[in-house]
Amino acid sequence: MDSRTNNEDQIETEGMADNKSSRRQFLKKMSIAAAAGSASLVVGGCGGSLKTEEMGLKWEEYFKEHYRLMTQEEKDATVKRLERLAKLERGIDVQMSNQEPHEQVLYGYAFNISRCKGYMDCVEACVKENNLDRRAKTQYVRIFEMDPGKLDPTAGDGQFFHEVPVDNKFYMGVQCFHCENAPCIKACPTKATWREPDGIVVVDYDWCIGCRYCLAACPYWGRRFNWGDPEVPKEEINLNQHYLGNRMRMKGVMEKCTFCVQRTRKGKLPACADACPTGSRVFGNLLDPNSEIRFVLKNKKVFRFKEDLGTEPKFWYFMD
Amino acid sequence: MTTTPKKGFIAFIMDCTRWSFTGGIAYMIYLLVLLALIVSGIYAYSQQFQHGLIITGMSDIVSWGLYISNFTFFVGVAAAAVMLILPAYILKDKDLHQVVIIGEGVAVGALVMCLLFITVDMGGPLKVWHMIPGIGQFNWPSSILTWDMLVLNGYLALNSLVPLYILYCNYHGRKPVGWKYKPFVFLSIFWAVSIHMTTAFLYQGLPARPFWNNPLLGPRFLASAFAAGPAVIMMVLIVIKENTDYAIDSNIFQKLKRIIVASAIINLVMLFSEVFKEFYTFTHHSLSAQYLFFGLEGHDSLVPWIWTAISLNILGTLLFAFDPTKGKPRYLMVAAISLFTGIWIEKGFGLIIPGFVPSPLGEVVDYTPSILEIQVTVGILAAGAFVVTMLIKPALAIEMRLREKASM
């Protein structure tokens, strides 16, 4: 079933490549014109050369292509530009990756509802790892405190603020479930969000026009919008970034959990799974028969949230 | 105005502009008020452009608000022009043929508002080229939003070009050639239905939002549009009749009234059907309806609005259905305003906001638009009224000259 989706993805990408050359020529012309324009804009003025460089980089960024249509050289070039812009604008030395997915990898996640005690270390780790907006208090991961008798996070309390653990309560974590049949991808008018071959649903922040149709389409409230410019204190910015992951977002674009693509493609666990003190979070490769996630799916009684919608999430709940 | 007209397109544009800006002192004040509202809207939007949509009342839970509510409603107003076009061009109704141009003007104004509302709602308006087929990535046919963009722009083209051609011919004293515009008239009739169905499908196609995921949404959009749209056109006609020399036959009001009553009754029947489904067997999916009509978990900001809307809706329908004055303009104006306002609230606010509450994770919050957001919205409404005025004023001048010529 997964190979089918991968094939579809490929076909789609090939379809996109059809009118690639004309688009590329057009964009190239635009960016040359743009560079010339920006150079003439900032003639003279003290400290002008850095400003000129910044303007030029921004122009080139503005006219760049959709990430999936870029050649490897173009991907490397945009990453270089973004690193340089981070230096010029914020004075930080970002290491930005554009690492591609590994072959034979499909990520899956399982959440043990009998173990989680609601400590929220996962939330905190996620906020730090992914450079989430401190001003708007954005969270990719939410924990709902539940009374026994119901297995539906909508019946729980997502705003609890008290000492845990609490007797006779249990906890359910929610985040983007990285659906195989994701309604958000279908909704996007510009193909700015898609499912990578390793199953991660990502957003090209530079391509998103901010219409928020994906947010309306998501049945799990898995997406967040940047209503204003996100704020992260300079010293708290995580410098290990990925183009499709935790690089700094800007106002007016969507963002979401990426299973910490900057970590997981390097073989590490997502920050939430890494931080969990109770071992409630299991993450791994669904295509590896010896992985822990496969063990859970085989030996535990698992269920998924809103299974009736046919979204095929890659996120399961289970009990001990 | 009876001087022999100059020829050519430039003379046509020059004369139209001249007619648009000539009028009495009241007309000038009206134009100035519209311009002031537009400027205030532009100022508010510049704030939004600078700081982001954070200056609105929207949030990650209620992520569409006043802008998209108004967009949805005015798509209906635009579509409603078909209720004049169909009888005028296809059924050869002589009365309605006299005012069809006004209906088309209203449609163009409504479409301009729709496109503006979508633009101001976008987080990255400068990146809109990402959606243009050829240089961007147009997610067609998968995304309904791409369909909506196609049908809205297509309808705008149809509704601008057909009247432009007819007026251009009339300006030069020629008779419009049937085969040159009739096919587009036919096309625009199907297109009118499609713009409103497609807009309904934007919402109807989302299983994530049970309040919208309802097969009646599209048909109900049409019924309410065919009531509210002709009500707007009637309001414009009454204003023209009361304030200009342009004669409008009272038959026209009778015919419009019949269209409005039929559509408004169908709309109310469908509303009743929806309310029955939500509340006879109260399910988890009825929570949005409960929030809208009665409030949920102490949040009830929409409750007074929806009951006002339903009252106005019923009142307007009854006023149109049982008209003791037999078409007196003042009476019809009250009825039209009542029905229009009722549907505006119900189909804007009352449809969009409850779709988001409770959130897919069961959270309930209220949404209140910010002052700047309201300012932008009012600015766009003023821009729409301005466009309608700029289109109808010269159109009437040309039509009047044609009538004078015919009577000579």
# chains A, B, ... in the order shown; residues from 1 in each chain; ligands from 1
>>> residues_around(residues="stretch 295-299 of chain A", least_positions_apart="3", cutoff="9 Å", atoms="only C-alpha atoms", output="PyMOL selection string")
chain A and resi 110+282+289-292+302+316+318
>>> residues_around(residues="stretch 58-62 of chain B", least_positions_apart="5", cutoff="7 Å", atoms="only C-alpha atoms", output="mmCIF file with C-alpha atoms, in the first residue's frame")
data_model
loop_
_atom_site.group_PDB
_atom_site.id
_atom_site.type_symbol
_atom_site.label_atom_id
_atom_site.label_comp_id
_atom_site.auth_asym_id
_atom_site.auth_seq_id
_atom_site.Cartn_x
_atom_site.Cartn_y
_atom_site.Cartn_z
ATOM 1 C CA ARG A 224 -0.296 26.129 12.850
ATOM 2 C CA PHE A 225 -0.287 29.509 11.154
ATOM 3 C CA ILE B 353 -17.411 30.648 12.227
ATOM 4 C CA PHE B 356 -14.358 26.030 13.291
ATOM 5 C CA SER B 359 -12.049 22.716 16.976
ATOM 6 C CA TYR B 367 -14.121 34.999 17.614
#
>>> closest_atom_pairs(of="chain B", to="chain A", cutoff="6 Å", atoms="only C-alpha atoms", output="CSV")
residue,atom,partner,partner_atom,distance
B:Gly52,CA,A:Gly228,CA,4.8
B:Leu53,CA,A:Trp227,CA,4.9
B:Ile54,CA,A:Trp227,CA,4.5
B:Met122,CA,A:Cys211,CA,4.9
B:Gly123,CA,A:Gly252,CA,3.7
B:Gly124,CA,A:Ile209,CA,4.6
B:Lys127,CA,A:Ile209,CA,5.7
B:Met131,CA,A:Thr190,CA,5.3
B:Ile135,CA,A:Arg23,CA,5.3
B:Gln137,CA,A:Thr190,CA,5.1
B:Phe138,CA,A:Thr190,CA,5.3
B:Asn139,CA,A:Pro189,CA,4.9
B:Ser142,CA,A:Lys186,CA,5.6
B:Ser143,CA,A:Ala187,CA,4.6
B:Leu145,CA,A:Pro189,CA,5.8
B:Thr146,CA,A:Pro189,CA,5.6
B:Leu206,CA,A:Ala217,CA,5.6
B:Ala208,CA,A:Pro219,CA,4.1
B:Pro360,CA,A:Tyr220,CA,5.6
B:Leu361,CA,A:Thr154,CA,4.6
B:Gly362,CA,A:Thr154,CA,4.2
>>> residues_around(residues="B:Ile42", least_positions_apart="2", cutoff="9 Å", atoms="only C-alpha atoms", output="PDB file with C-alpha atoms, in the first residue's frame")
ATOM      1  CA  LEU B  37     -14.047  54.476   3.483  1.00  0.00           C
ATOM      2  CA  ILE B  38     -11.761  52.996   0.828  1.00  0.00           C
ATOM      3  CA  VAL B  39      -8.822  55.084   2.077  1.00  0.00           C
ATOM      4  CA  SER B  40      -9.486  54.010   5.665  1.00  0.00           C
ATOM      5  CA  ALA B  44      -5.962  49.336   7.912  1.00  0.00           C
ATOM      6  CA  TYR B  45      -4.670  46.891   5.319  1.00  0.00           C
ATOM      7  CA  SER B  46      -1.258  48.564   5.328  1.00  0.00           C
ATOM      8  CA  GLN B  47      -1.131  47.817   9.069  1.00  0.00           C
ATOM      9  CA  GLN B 375     -12.092  48.698   8.705  1.00  0.00           C
ATOM     10  CA  VAL B 376     -10.600  46.582   5.896  1.00  0.00           C
ATOM     11  CA  GLY B 379     -13.247  49.470   2.808  1.00  0.00           C
ATOM     12  CA  ILE B 380     -13.809  46.522   0.488  1.00  0.00           C
TER      13      ILE B 380
END
>>> select_by_dssp(residues="stretch 42-184 of chain A", states="helix (DSSP H, G or I)", output="count of residues only")
51
>>> closest_residue(among="B:Leu351, B:Ile392, B:Ala157, B:Leu35", to="B:Gly65", atoms="only C-alpha atoms")
B:Leu351
>>> residues_around(residues="B:Phe190", least_positions_apart="6", cutoff="10 Å", atoms="only C-alpha atoms", output="JSON, numbers by chain")
{"B": [79, 82, 155]}
>>> residues_around(residues="B:Leu339", least_positions_apart="4", cutoff="6 Å", atoms="only C-alpha atoms", output="short mmCIF file (atom, residue, chain, number, x, y, z; two decimals) with N, CA and C atoms, in the first residue's frame")
data_model
loop_
_atom_site.label_atom_id
_atom_site.label_comp_id
_atom_site.auth_asym_id
_atom_site.auth_seq_id
_atom_site.Cartn_x
_atom_site.Cartn_y
_atom_site.Cartn_z
N LEU B 312 -34.98 38.18 10.65
CA LEU B 312 -34.99 39.05 9.48
C LEU B 312 -35.33 38.26 8.22
N ASN B 313 -34.79 37.05 8.16
CA ASN B 313 -35.03 36.16 7.04
C ASN B 313 -36.52 35.88 6.87
N GLY B 316 -38.46 39.19 6.12
CA GLY B 316 -38.29 39.61 4.73
C GLY B 316 -39.12 38.75 3.79
#
>>> select_by_dssp(residues="stretch 31-265 of chain A", states="strand (DSSP E or B)", output="number ranges by chain")
A: 95-97, 107-112, 142-146, 157, 170-174, 193-195, 201-203, 223-225, 240-242, 254-256
>>> decode(residues="stretch 13-54 of chain B", atoms="N, CA and C atoms", output="short mmCIF file (atom, residue, chain, number, x, y, z; two decimals), in the first residue's frame")
data_model
loop_
_atom_site.label_atom_id
_atom_site.label_comp_id
_atom_site.auth_asym_id
_atom_site.auth_seq_id
_atom_site.Cartn_x
_atom_site.Cartn_y
_atom_site.Cartn_z
N ILE B 13 -14.54 55.37 -23.64
CA ILE B 13 -14.01 55.35 -22.27
C ILE B 13 -14.08 56.76 -21.67
N MET B 14 -13.69 57.77 -22.50
CA MET B 14 -13.70 59.15 -22.00
C MET B 14 -15.10 59.57 -21.57
N ASP B 15 -16.08 59.27 -22.44
CA ASP B 15 -17.45 59.65 -22.12
C ASP B 15 -17.95 58.93 -20.87
N CYS B 16 -17.63 57.63 -20.78
CA CYS B 16 -18.06 56.85 -19.62
C CYS B 16 -17.49 57.44 -18.33
N THR B 17 -16.21 57.80 -18.38
CA THR B 17 -15.59 58.38 -17.19
C THR B 17 -16.27 59.69 -16.84
N ARG B 18 -16.54 60.50 -17.86
CA ARG B 18 -17.19 61.79 -17.62
C ARG B 18 -18.55 61.58 -16.96
N TRP B 19 -19.34 60.64 -17.51
CA TRP B 19 -20.67 60.39 -16.94
C TRP B 19 -20.57 59.86 -15.52
N SER B 20 -19.52 59.05 -15.25
CA SER B 20 -19.38 58.47 -13.91
C SER B 20 -19.21 59.54 -12.85
N PHE B 21 -18.54 60.63 -13.23
CA PHE B 21 -18.21 61.62 -12.22
C PHE B 21 -19.07 62.88 -12.29
N THR B 22 -20.12 62.85 -13.12
CA THR B 22 -21.01 64.01 -13.10
C THR B 22 -22.28 63.65 -12.37
N GLY B 23 -22.74 64.60 -11.54
CA GLY B 23 -23.96 64.36 -10.79
C GLY B 23 -24.20 65.51 -9.84
N GLY B 24 -25.28 65.44 -9.10
CA GLY B 24 -25.63 66.49 -8.16
C GLY B 24 -24.73 66.48 -6.95
N ILE B 25 -25.00 67.40 -6.04
CA ILE B 25 -24.17 67.53 -4.86
C ILE B 25 -24.28 66.27 -3.99
N ALA B 26 -25.48 65.70 -3.92
CA ALA B 26 -25.67 64.48 -3.11
C ALA B 26 -24.82 63.34 -3.67
N TYR B 27 -24.78 63.25 -5.00
CA TYR B 27 -24.00 62.20 -5.64
C TYR B 27 -22.51 62.37 -5.33
N MET B 28 -22.07 63.63 -5.36
CA MET B 28 -20.65 63.89 -5.07
C MET B 28 -20.31 63.52 -3.63
N ILE B 29 -21.23 63.86 -2.70
CA ILE B 29 -20.99 63.50 -1.30
C ILE B 29 -20.91 61.98 -1.15
N TYR B 30 -21.83 61.30 -1.84
CA TYR B 30 -21.85 59.84 -1.81
C TYR B 30 -20.50 59.27 -2.28
N LEU B 31 -20.00 59.81 -3.40
CA LEU B 31 -18.71 59.32 -3.91
C LEU B 31 -17.59 59.60 -2.91
N LEU B 32 -17.63 60.80 -2.31
CA LEU B 32 -16.57 61.16 -1.36
C LEU B 32 -16.59 60.24 -0.14
N VAL B 33 -17.80 59.92 0.35
CA VAL B 33 -17.90 59.00 1.50
C VAL B 33 -17.29 57.66 1.13
N LEU B 34 -17.64 57.15 -0.06
CA LEU B 34 -17.08 55.87 -0.49
C LEU B 34 -15.55 55.95 -0.53
N LEU B 35 -15.03 57.03 -1.10
CA LEU B 35 -13.58 57.16 -1.22
C LEU B 35 -12.93 57.21 0.17
N ALA B 36 -13.57 57.93 1.10
CA ALA B 36 -13.01 58.01 2.46
C ALA B 36 -12.96 56.62 3.09
N LEU B 37 -14.03 55.83 2.91
CA LEU B 37 -14.05 54.48 3.48
C LEU B 37 -12.98 53.61 2.84
N ILE B 38 -12.78 53.78 1.52
CA ILE B 38 -11.76 53.00 0.83
C ILE B 38 -10.38 53.35 1.38
N VAL B 39 -10.13 54.66 1.56
CA VAL B 39 -8.82 55.08 2.08
C VAL B 39 -8.60 54.52 3.48
N SER B 40 -9.64 54.56 4.31
CA SER B 40 -9.49 54.01 5.67
C SER B 40 -9.21 52.51 5.60
N GLY B 41 -9.83 51.82 4.65
CA GLY B 41 -9.56 50.40 4.47
C GLY B 41 -8.13 50.15 4.04
N ILE B 42 -7.63 50.99 3.13
CA ILE B 42 -6.26 50.83 2.66
C ILE B 42 -5.28 51.05 3.82
N TYR B 43 -5.59 52.05 4.66
CA TYR B 43 -4.73 52.29 5.82
C TYR B 43 -4.69 51.05 6.72
N ALA B 44 -5.90 50.51 7.02
CA ALA B 44 -5.96 49.34 7.91
C ALA B 44 -5.22 48.17 7.28
N TYR B 45 -5.36 48.00 5.97
CA TYR B 45 -4.67 46.89 5.32
C TYR B 45 -3.16 47.08 5.36
N SER B 46 -2.71 48.34 5.27
CA SER B 46 -1.26 48.56 5.33
C SER B 46 -0.72 48.12 6.69
N GLN B 47 -1.52 48.32 7.74
CA GLN B 47 -1.13 47.82 9.07
C GLN B 47 -1.03 46.30 9.06
N GLN B 48 -2.04 45.67 8.44
CA GLN B 48 -2.04 44.22 8.38
C GLN B 48 -0.87 43.70 7.55
N PHE B 49 -0.58 44.40 6.47
CA PHE B 49 0.52 43.98 5.60
C PHE B 49 1.84 44.01 6.36
N GLN B 50 1.97 45.04 7.21
CA GLN B 50 3.22 45.21 7.95
C GLN B 50 3.35 44.20 9.09
N HIS B 51 2.29 44.03 9.87
CA HIS B 51 2.39 43.21 11.08
C HIS B 51 1.90 41.78 10.89
N GLY B 52 1.20 41.51 9.81
CA GLY B 52 0.65 40.18 9.60
C GLY B 52 -0.80 40.12 10.06
N LEU B 53 -1.40 38.95 9.84
CA LEU B 53 -2.82 38.78 10.17
C LEU B 53 -3.05 38.78 11.68
N ILE B 54 -1.98 38.97 12.45
CA ILE B 54 -2.10 39.01 13.90
C ILE B 54 -2.98 40.18 14.34
#
